[in-house]
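The next block is query-v8.pdb, given as PDB, C-alpha atoms, pLDDT in the B column.
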```pdb
ATOM      1  CA  MET A   1     110.903  99.963 119.495  1.00 88.00           C
ATOM      2  CA  HIS A   2     107.272 100.457 120.478  1.00 86.00           C
ATOM      3  CA  ILE A   3     104.907 103.002 118.975  1.00 83.00           C
ATOM      4  CA  GLU A   4     101.693 103.443 120.952  1.00 79.00           C
ATOM      5  CA  GLY A   5     102.249 100.022 122.504  1.00 83.00           C
ATOM      6  CA  THR A   6     102.851  98.204 119.207  1.00 88.00           C
ATOM      7  CA  GLY A   7     106.229  96.618 118.480  1.00 92.00           C
ATOM      8  CA  VAL A   8     107.971  97.937 115.365  1.00 94.00           C
ATOM      9  CA  ALA A   9     111.064  96.311 113.842  1.00 97.00           C
ATOM     10  CA  TYR A  10     113.583  98.329 111.860  1.00 97.00           C
ATOM     11  CA  ASP A  11     117.174  98.260 110.636  1.00 97.00           C
ATOM     12  CA  VAL A  12     119.631 101.138 110.634  1.00 97.00           C
ATOM     13  CA  SER A  13     123.051 101.011 108.999  1.00 96.00           C
ATOM     14  CA  GLY A  14     125.669 103.329 107.589  1.00 95.00           C
ATOM     15  CA  TYR A  15     126.390 106.952 108.260  1.00 93.00           C
ATOM     16  CA  GLY A  16     125.681 110.016 106.190  1.00 94.00           C
ATOM     17  CA  PRO A  17     122.601 111.711 104.727  1.00 95.00           C
ATOM     18  CA  ASP A  18     119.603 109.588 105.648  1.00 96.00           C
ATOM     19  CA  VAL A  19     117.565 107.522 103.211  1.00 98.00           C
ATOM     20  CA  LEU A  20     114.385 105.899 104.538  1.00 98.00           C
ATOM     21  CA  PHE A  21     113.093 102.804 102.701  1.00 98.00           C
ATOM     22  CA  ILE A  22     109.469 101.607 102.934  1.00 98.00           C
ATOM     23  CA  HIS A  23     108.559  98.159 101.611  1.00 97.00           C
ATOM     24  CA  GLY A  24     105.459  97.162  99.675  1.00 94.00           C
ATOM     25  CA  TRP A  25     102.515  94.890 100.421  1.00 92.00           C
ATOM     26  CA  ALA A  26     103.569  91.436 101.647  1.00 91.00           C
ATOM     27  CA  GLY A  27     107.134  92.756 101.851  1.00 94.00           C
ATOM     28  CA  SER A  28     109.401  93.681 104.717  1.00 96.00           C
ATOM     29  CA  ARG A  29     112.550  95.639 105.498  1.00 97.00           C
ATOM     30  CA  VAL A  30     114.684  92.748 104.188  1.00 97.00           C
ATOM     31  CA  HIS A  31     113.779  93.803 100.632  1.00 97.00           C
ATOM     32  CA  TRP A  32     116.177  96.707 101.197  1.00 98.00           C
ATOM     33  CA  ASN A  33     119.101  94.690 102.651  1.00 96.00           C
ATOM     34  CA  LEU A  34     121.299  95.418  99.619  1.00 96.00           C
ATOM     35  CA  ALA A  35     120.981  99.189 100.078  1.00 97.00           C
ATOM     36  CA  LYS A  36     123.829  99.238 102.590  1.00 96.00           C
ATOM     37  CA  ASP A  37     126.140  97.562 100.052  1.00 96.00           C
ATOM     38  CA  PHE A  38     125.278  99.857  97.140  1.00 97.00           C
ATOM     39  CA  LEU A  39     124.745 103.156  98.965  1.00 96.00           C
ATOM     40  CA  ARG A  40     127.882 103.623 101.023  1.00 94.00           C
ATOM     41  CA  GLY A  41     128.068 107.075 102.553  1.00 94.00           C
ATOM     42  CA  TYR A  42     124.370 107.164 103.452  1.00 96.00           C
ATOM     43  CA  GLY A  43     122.413 106.339 106.590  1.00 96.00           C
ATOM     44  CA  ILE A  44     120.008 103.547 105.636  1.00 98.00           C
ATOM     45  CA  ILE A  45     116.759 103.205 107.606  1.00 98.00           C
ATOM     46  CA  ALA A  46     114.281 100.425 106.829  1.00 98.00           C
ATOM     47  CA  PRO A  47     111.298  99.627 109.091  1.00 98.00           C
ATOM     48  CA  ASP A  48     108.691  96.919 108.837  1.00 97.00           C
ATOM     49  CA  LEU A  49     105.285  98.573 108.585  1.00 96.00           C
ATOM     50  CA  TYR A  50     102.566  97.533 111.030  1.00 93.00           C
ATOM     51  CA  GLY A  51     101.590  93.887 110.507  1.00 92.00           C
ATOM     52  CA  PHE A  52     104.496  93.098 108.154  1.00 91.00           C
ATOM     53  CA  GLY A  53     107.827  91.366 108.729  1.00 90.00           C
ATOM     54  CA  ASP A  54     108.678  91.440 112.420  1.00 89.00           C
ATOM     55  CA  SER A  55     106.402  94.365 113.341  1.00 93.00           C
ATOM     56  CA  ASP A  56     103.226  93.738 115.296  1.00 83.00           C
ATOM     57  CA  GLU A  57      99.829  94.744 113.984  1.00 89.00           C
ATOM     58  CA  PRO A  58      97.737  97.043 116.180  1.00 86.00           C
ATOM     59  CA  MET A  59      94.613  95.395 117.592  1.00 81.00           C
ATOM     60  CA  ARG A  60      92.375  97.652 115.481  1.00 83.00           C
ATOM     61  CA  GLY A  61      94.418  97.123 112.291  1.00 84.00           C
ATOM     62  CA  ALA A  62      96.410  99.788 110.471  1.00 92.00           C
ATOM     63  CA  THR A  63      95.412 102.421 107.934  1.00 92.00           C
ATOM     64  CA  LEU A  64      97.590 104.311 105.481  1.00 91.00           C
ATOM     65  CA  ASP A  65      97.677 107.218 107.934  1.00 94.00           C
ATOM     66  CA  ASP A  66      98.795 104.829 110.713  1.00 93.00           C
ATOM     67  CA  HIS A  67     101.746 103.751 108.566  1.00 95.00           C
ATOM     68  CA  VAL A  68     102.633 107.402 107.904  1.00 96.00           C
ATOM     69  CA  ALA A  69     102.475 108.046 111.671  1.00 95.00           C
ATOM     70  CA  LEU A  70     104.767 105.045 112.242  1.00 96.00           C
ATOM     71  CA  VAL A  71     107.340 106.505 109.837  1.00 97.00           C
ATOM     72  CA  LEU A  72     107.148 109.926 111.512  1.00 97.00           C
ATOM     73  CA  ALA A  73     107.519 108.365 114.975  1.00 96.00           C
ATOM     74  CA  LEU A  74     110.541 106.368 113.813  1.00 96.00           C
ATOM     75  CA  MET A  75     112.103 109.497 112.318  1.00 97.00           C
ATOM     76  CA  GLY A  76     111.560 111.211 115.669  1.00 95.00           C
ATOM     77  CA  GLN A  77     113.091 108.336 117.648  1.00 94.00           C
ATOM     78  CA  LEU A  78     116.153 108.349 115.379  1.00 95.00           C
ATOM     79  CA  HIS A  79     116.437 112.163 115.378  1.00 95.00           C
ATOM     80  CA  VAL A  80     116.016 112.365 111.607  1.00 96.00           C
ATOM     81  CA  GLY A  81     114.935 115.861 110.698  1.00 91.00           C
ATOM     82  CA  GLN A  82     114.722 115.499 106.928  1.00 94.00           C
ATOM     83  CA  CYS A  83     115.596 112.705 104.514  1.00 96.00           C
ATOM     84  CA  VAL A  84     115.003 111.153 101.119  1.00 97.00           C
ATOM     85  CA  VAL A  85     112.192 108.591 101.299  1.00 98.00           C
ATOM     86  CA  VAL A  86     111.898 105.565  99.015  1.00 98.00           C
ATOM     87  CA  GLY A  87     108.662 103.580  98.729  1.00 97.00           C
ATOM     88  CA  HIS A  88     108.063 100.371  96.821  1.00 97.00           C
ATOM     89  CA  SER A  89     104.533  99.617  95.575  1.00 93.00           C
ATOM     90  CA  MET A  90     102.188 100.161  98.564  1.00 94.00           C
ATOM     91  CA  GLY A  91     105.121 101.774 100.367  1.00 96.00           C
ATOM     92  CA  GLY A  92     104.965 104.438  97.666  1.00 95.00           C
ATOM     93  CA  LEU A  93     101.523 105.403  98.941  1.00 94.00           C
ATOM     94  CA  VAL A  94     102.957 105.782 102.448  1.00 96.00           C
ATOM     95  CA  VAL A  95     105.889 107.977 101.407  1.00 97.00           C
ATOM     96  CA  THR A  96     103.748 110.080  99.045  1.00 94.00           C
ATOM     97  CA  GLN A  97     101.356 110.824 101.913  1.00 94.00           C
ATOM     98  CA  LEU A  98     104.336 111.607 104.146  1.00 96.00           C
ATOM     99  CA  ALA A  99     105.743 114.047 101.573  1.00 95.00           C
ATOM    100  CA  SER A 100     102.307 115.616 101.123  1.00 92.00           C
ATOM    101  CA  TYR A 101     101.509 115.935 104.864  1.00 92.00           C
ATOM    102  CA  CYS A 102     105.021 116.880 106.052  1.00 94.00           C
ATOM    103  CA  PRO A 103     106.959 118.525 103.218  1.00 93.00           C
ATOM    104  CA  ASP A 104     109.573 119.844 105.645  1.00 94.00           C
ATOM    105  CA  ARG A 105     110.584 116.249 106.530  1.00 96.00           C
ATOM    106  CA  VAL A 106     111.112 114.974 102.963  1.00 96.00           C
ATOM    107  CA  LYS A 107     113.897 116.336 100.755  1.00 94.00           C
ATOM    108  CA  GLY A 108     113.413 113.799  97.964  1.00 96.00           C
ATOM    109  CA  LEU A 109     110.717 111.272  97.054  1.00 96.00           C
ATOM    110  CA  VAL A 110     111.422 108.014  95.212  1.00 96.00           C
ATOM    111  CA  LEU A 111     108.517 105.851  94.059  1.00 94.00           C
ATOM    112  CA  VAL A 112     109.483 102.346  92.968  1.00 95.00           C
ATOM    113  CA  GLU A 113     106.799 100.529  90.951  1.00 91.00           C
ATOM    114  CA  ALA A 114     104.274 102.562  92.901  1.00 87.00           C
ATOM    115  CA  PRO A 115     100.959 104.042  91.841  1.00 79.00           C
ATOM    116  CA  VAL A 116     101.333 107.570  90.517  1.00 71.00           C
ATOM    117  CA  MET A 117      98.880 109.510  92.670  1.00 70.00           C
ATOM    118  CA  LYS A 118      97.284 112.923  92.272  1.00 75.00           C
ATOM    119  CA  GLU A 119      98.871 113.834  95.628  1.00 78.00           C
ATOM    120  CA  LEU A 120     102.178 114.122  93.746  1.00 82.00           C
ATOM    121  CA  GLU A 121     100.970 117.513  92.536  1.00 81.00           C
ATOM    122  CA  ARG A 122     101.239 118.775  96.147  1.00 84.00           C
ATOM    123  CA  VAL A 123     104.723 117.350  96.701  1.00 89.00           C
ATOM    124  CA  LYS A 124     107.322 120.122  96.673  1.00 88.00           C
ATOM    125  CA  CYS A 125     110.570 118.099  96.640  1.00 93.00           C
ATOM    126  CA  PRO A 126     112.318 116.393  93.707  1.00 93.00           C
ATOM    127  CA  ILE A 127     110.622 113.133  92.654  1.00 92.00           C
ATOM    128  CA  LEU A 128     112.073 110.028  91.039  1.00 93.00           C
ATOM    129  CA  LEU A 129     109.682 107.456  89.534  1.00 90.00           C
ATOM    130  CA  VAL A 130     111.335 104.077  88.900  1.00 91.00           C
ATOM    131  CA  PHE A 131     109.700 101.282  86.916  1.00 88.00           C
ATOM    132  CA  GLY A 132     110.741  97.850  85.714  1.00 88.00           C
ATOM    133  CA  GLU A 133     110.876  97.637  81.913  1.00 82.00           C
ATOM    134  CA  GLU A 134     109.277  94.191  81.997  1.00 79.00           C
ATOM    135  CA  ASN A 135     106.206  95.029  84.049  1.00 73.00           C
ATOM    136  CA  SER A 136     102.751  94.671  82.508  1.00 64.00           C
ATOM    137  CA  ASP A 137     100.417  97.479  81.546  1.00 53.00           C
ATOM    138  CA  MET A 138      98.227  99.653  83.727  1.00 55.00           C
ATOM    139  CA  GLY A 139      94.817 100.619  82.373  1.00 53.00           C
ATOM    140  CA  GLY A 140      95.811 100.278  78.728  1.00 59.00           C
ATOM    141  CA  MET A 141      98.983 102.315  79.228  1.00 63.00           C
ATOM    142  CA  SER A 142     102.263 100.932  80.399  1.00 66.00           C
ATOM    143  CA  ARG A 143     103.473 102.186  83.769  1.00 62.00           C
ATOM    144  CA  GLY A 144     106.217 103.947  81.886  1.00 62.00           C
ATOM    145  CA  GLU A 145     103.703 105.811  79.719  1.00 70.00           C
ATOM    146  CA  VAL A 146     101.777 106.809  82.832  1.00 66.00           C
ATOM    147  CA  ALA A 147     105.009 107.980  84.473  1.00 66.00           C
ATOM    148  CA  ARG A 148     106.087 109.937  81.388  1.00 68.00           C
ATOM    149  CA  GLU A 149     102.678 111.612  81.323  1.00 68.00           C
ATOM    150  CA  GLN A 150     102.996 112.502  85.015  1.00 64.00           C
ATOM    151  CA  SER A 151     106.490 113.898  84.567  1.00 65.00           C
ATOM    152  CA  LYS A 152     105.208 116.345  81.932  1.00 64.00           C
ATOM    153  CA  HIS A 153     103.370 118.180  84.703  1.00 56.00           C
ATOM    154  CA  SER A 154     106.338 118.698  87.001  1.00 66.00           C
ATOM    155  CA  ARG A 155     109.890 119.715  86.245  1.00 71.00           C
ATOM    156  CA  ARG A 156     110.810 118.180  89.599  1.00 81.00           C
ATOM    157  CA  THR A 157     109.919 114.676  88.377  1.00 85.00           C
ATOM    158  CA  THR A 158     112.409 112.292  86.802  1.00 86.00           C
ATOM    159  CA  VAL A 159     111.419 108.913  85.355  1.00 86.00           C
ATOM    160  CA  ALA A 160     113.788 105.953  85.144  1.00 89.00           C
ATOM    161  CA  PHE A 161     113.449 102.356  83.975  1.00 88.00           C
ATOM    162  CA  VAL A 162     115.344  99.296  85.182  1.00 92.00           C
ATOM    163  CA  ASN A 163     116.135  96.700  82.524  1.00 90.00           C
ATOM    164  CA  ASN A 164     115.466  93.001  83.064  1.00 92.00           C
ATOM    165  CA  ALA A 165     113.147  93.738  85.980  1.00 91.00           C
ATOM    166  CA  ALA A 166     109.454  93.796  86.702  1.00 88.00           C
ATOM    167  CA  HIS A 167     107.791  94.673  90.031  1.00 90.00           C
ATOM    168  CA  ASN A 168     110.503  93.826  92.610  1.00 94.00           C
ATOM    169  CA  LEU A 169     113.230  95.528  90.635  1.00 92.00           C
ATOM    170  CA  MET A 170     115.400  96.304  93.679  1.00 95.00           C
ATOM    171  CA  LEU A 171     115.843  92.524  93.963  1.00 96.00           C
ATOM    172  CA  GLU A 172     115.597  91.540  90.283  1.00 96.00           C
ATOM    173  CA  ASN A 173     118.250  93.962  89.017  1.00 97.00           C
ATOM    174  CA  SER A 174     119.704  95.505  92.155  1.00 97.00           C
ATOM    175  CA  THR A 175     122.865  96.794  90.460  1.00 97.00           C
ATOM    176  CA  GLU A 176     120.974  98.969  87.978  1.00 97.00           C
ATOM    177  CA  PHE A 177     118.295 100.002  90.476  1.00 97.00           C
ATOM    178  CA  TYR A 178     120.776 101.207  93.088  1.00 98.00           C
ATOM    179  CA  ALA A 179     122.866 102.973  90.422  1.00 97.00           C
ATOM    180  CA  ILE A 180     119.759 104.970  89.405  1.00 97.00           C
ATOM    181  CA  LEU A 181     118.930 105.681  93.043  1.00 97.00           C
ATOM    182  CA  GLY A 182     122.530 106.666  93.793  1.00 96.00           C
ATOM    183  CA  ASP A 183     122.512 109.160  90.912  1.00 96.00           C
ATOM    184  CA  PHE A 184     119.306 110.733  92.259  1.00 96.00           C
ATOM    185  CA  LEU A 185     120.699 110.914  95.794  1.00 96.00           C
ATOM    186  CA  ALA A 186     123.915 112.520  94.564  1.00 93.00           C
ATOM    187  CA  ILE A 187     122.068 115.578  93.224  1.00 87.00           C
ATOM    188  CA  GLN A 188     119.955 116.189  96.358  1.00 77.00           C
ATOM    189  CA  PRO A 189     120.982 119.009  98.686  1.00 65.00           C
ATOM    190  CA  VAL A 190     122.833 117.285 101.509  1.00 53.00           C
ATOM    191  CA  LYS A 191     122.478 118.011 105.192  1.00 51.00           C
ATOM    192  CA  GLN A 192     124.333 115.583 107.435  1.00 43.00           C
ATOM    193  CA  LEU A 193     121.875 114.015 109.840  1.00 40.00           C
ATOM    194  CA  CYS A 194     122.309 111.708 112.800  1.00 38.00           C
ATOM    195  CA  VAL A 195     121.780 107.999 112.267  1.00 39.00           C
ATOM    196  CA  GLY A 196     122.669 105.444 114.928  1.00 35.00           C
TER     197      GLY A 196
END
```

Whole structure given in structure tokens:
Amino acid sequence: MHIEGTGVAYDVSGYGPDVLFIHGWAGSRVHWNLAKDFLRGYGIIAPDLYGFGDSDEPMRGATLDDHVALVLALMGQLHVGQCVVVGHSMGGLVVTQLASYCPDRVKGLVLVEAPVMKELERVKCPILLVFGEENSDMGGMSRGEVAREQSKHSRRTTVAFVNNAAHNLMLENSTEFYAILGDFLAIQPVKQLCVG
């Protein structure tokens, strides 16, 4: 697929309510390959952001807003009206911006080892923050403490921790990570959407 003349690689598998996965810095869509095995009954969509994996980088480079535009264009190409979005690390910034800019397109937001941003206050959908128990601290507080503090401000926010995992927890303890994600997906209002 090409977006504004730039090649974008993505994978689509499964059928059911759509879940869109966005990788982190120096990652690619292959970080989400196990999703199709653990999340049967869902449409799994995983692109490579501009300049990562098999996607080309635009000549002028890519900003956070460019990555959000890529995700929106992909959703349009695949006829995805609304879905749950999952972002790992830097990908969490992308999906948080998406949920903030286009709340009608995001029915659930999952941040995996991602920075907890003030933009979360503007997000209207349910939020799941997932952290690895073994990750190091963040500004004197553990990521978990930061997440717990954030969740105090929104009844829509749930915080979960994956044992025996640090930053790449979807790879380090995929069984527990996808069980947590599956539980979150199961309580989201479901609208069957079209995935290839």

Counting only C-alpha atoms, what is within 12 Å of Ile3 of chain A, bar same-chain residues fewer than 3 positions away, as a compact mmCIF listing (two decimals) with C-alpha atoms, in the coordinates of the input?
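Below is the file out_30.txt, written as the result:
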```
# COMPACT_ATOMS: atom_id res chain seq x y z
CA THR A 6 102.85 98.20 119.21
CA GLY A 7 106.23 96.62 118.48
CA VAL A 8 107.97 97.94 115.36
CA ALA A 9 111.06 96.31 113.84
CA LEU A 49 105.28 98.57 108.58
CA TYR A 50 102.57 97.53 111.03
CA SER A 55 106.40 94.36 113.34
CA ASP A 56 103.23 93.74 115.30
CA GLU A 57 99.83 94.74 113.98
CA PRO A 58 97.74 97.04 116.18
CA ASP A 66 98.80 104.83 110.71
CA HIS A 67 101.75 103.75 108.57
CA ALA A 69 102.48 108.05 111.67
CA LEU A 70 104.77 105.04 112.24
CA VAL A 71 107.34 106.50 109.84
CA LEU A 72 107.15 109.93 111.51
CA ALA A 73 107.52 108.36 114.98
CA LEU A 74 110.54 106.37 113.81
CA MET A 75 112.10 109.50 112.32
CA GLY A 76 111.56 111.21 115.67
CA GLN A 77 113.09 108.34 117.65
```

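Distances to Gly81 of chain A were evaluated for A:Val94, A:Ala35, A:Val19, A:Leu120 using all atoms listed in the file, and the minimum falls at A:Val19.
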
### atom CA of Val86 of chain A to atom CA of Asp11 of chain A, straight-line distance in Å
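The value is 14.7 Å.
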
#### Entry: Shortest interatomic distance to Gly24 of chain A - which of A:Gly108, A:Pro103, A:Pro47, A:Gly132, counting all atoms listed in the file
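Among the listed residues, A:Pro47 lies closest to Gly24 of chain A.
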
### Query
Which polymer residues have any atom within 12 Å of an atom of Met170 of chain A, counting only C-alpha atoms, with same-chain residues fewer than 2 positions away left out, as an NGL selection string?
:A and (21 or 23-24 or 30-35 or 38 or 86-89 or 111-113 or 130-132 or 161-168 or 172-181)

### Query
Do you know which residues the PyMOL selection byres ((chain A and resi 41) around 9) returns on this file, as a ChimeraX atom specification?
/A:14-17,36,39-40,42-43

### Task
Please provide the set of residues having any atom within 7 Å of Gln82 of chain A, restricted to all atoms listed in the file, with same-chain residues fewer than 4 positions apart removed, written as number ranges by chain.
A: 104-107

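Taking all atoms listed in the file into account, Cys83 of chain A lies nearest to A:Leu20 out of the set A:Ile187, A:Ile127, A:Leu20, A:Met117.
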
### Task
Can you work out the spacing between atom CA of Met1 of chain A and atom CA of Asp37 of chain A in Å, to one decimal?
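Interatomic distance, atom CA of Met1 of chain A to atom CA of Asp37 of chain A: 24.8 Å.
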
### Task
Tell me which protein, DNA and RNA residues are within 12 Å of Arg122 of chain A, counting all atoms listed in the file, leaving out same-chain ones fewer than 2 positions away, and put them as a VMD selection string.
chain A and resid 96 to 103 117 to 120 124 to 127 153 to 154 156

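What separates atom CA of Val110 of chain A from atom CA of Gly61 of chain A is a distance of 26.4 Å.
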
### Query
Of the candidates A:Met90, A:Val95, A:Leu78, A:Ile22, which one gets nearest to Ala114 of chain A if we count all atoms listed in the file?
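So, comparing all the options, the nearest one is A:Met90.
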
Assuming 8 Å of padding per side, give the centre and edge lengths of the axis-aligned box around every listed atom of segment 160-167 of chain A, in Å to one decimal and as JSON.
```
{"center_x": 112.0, "center_y": 99.5, "center_z": 86.3, "size_x": 24.3, "size_y": 29.0, "size_z": 23.5}
```

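The residue that comes closest to Phe52 of chain A, out of A:Val68, A:Ala186, A:Trp25, A:Leu109 and on the basis of all atoms listed in the file, is A:Trp25.
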
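Remark: for Val12 of chain A, the closest of the candidate residues A:Asn135, A:Arg29, A:Ile45, A:Gly91 is A:Ile45 (distances computed over only C-alpha atoms).
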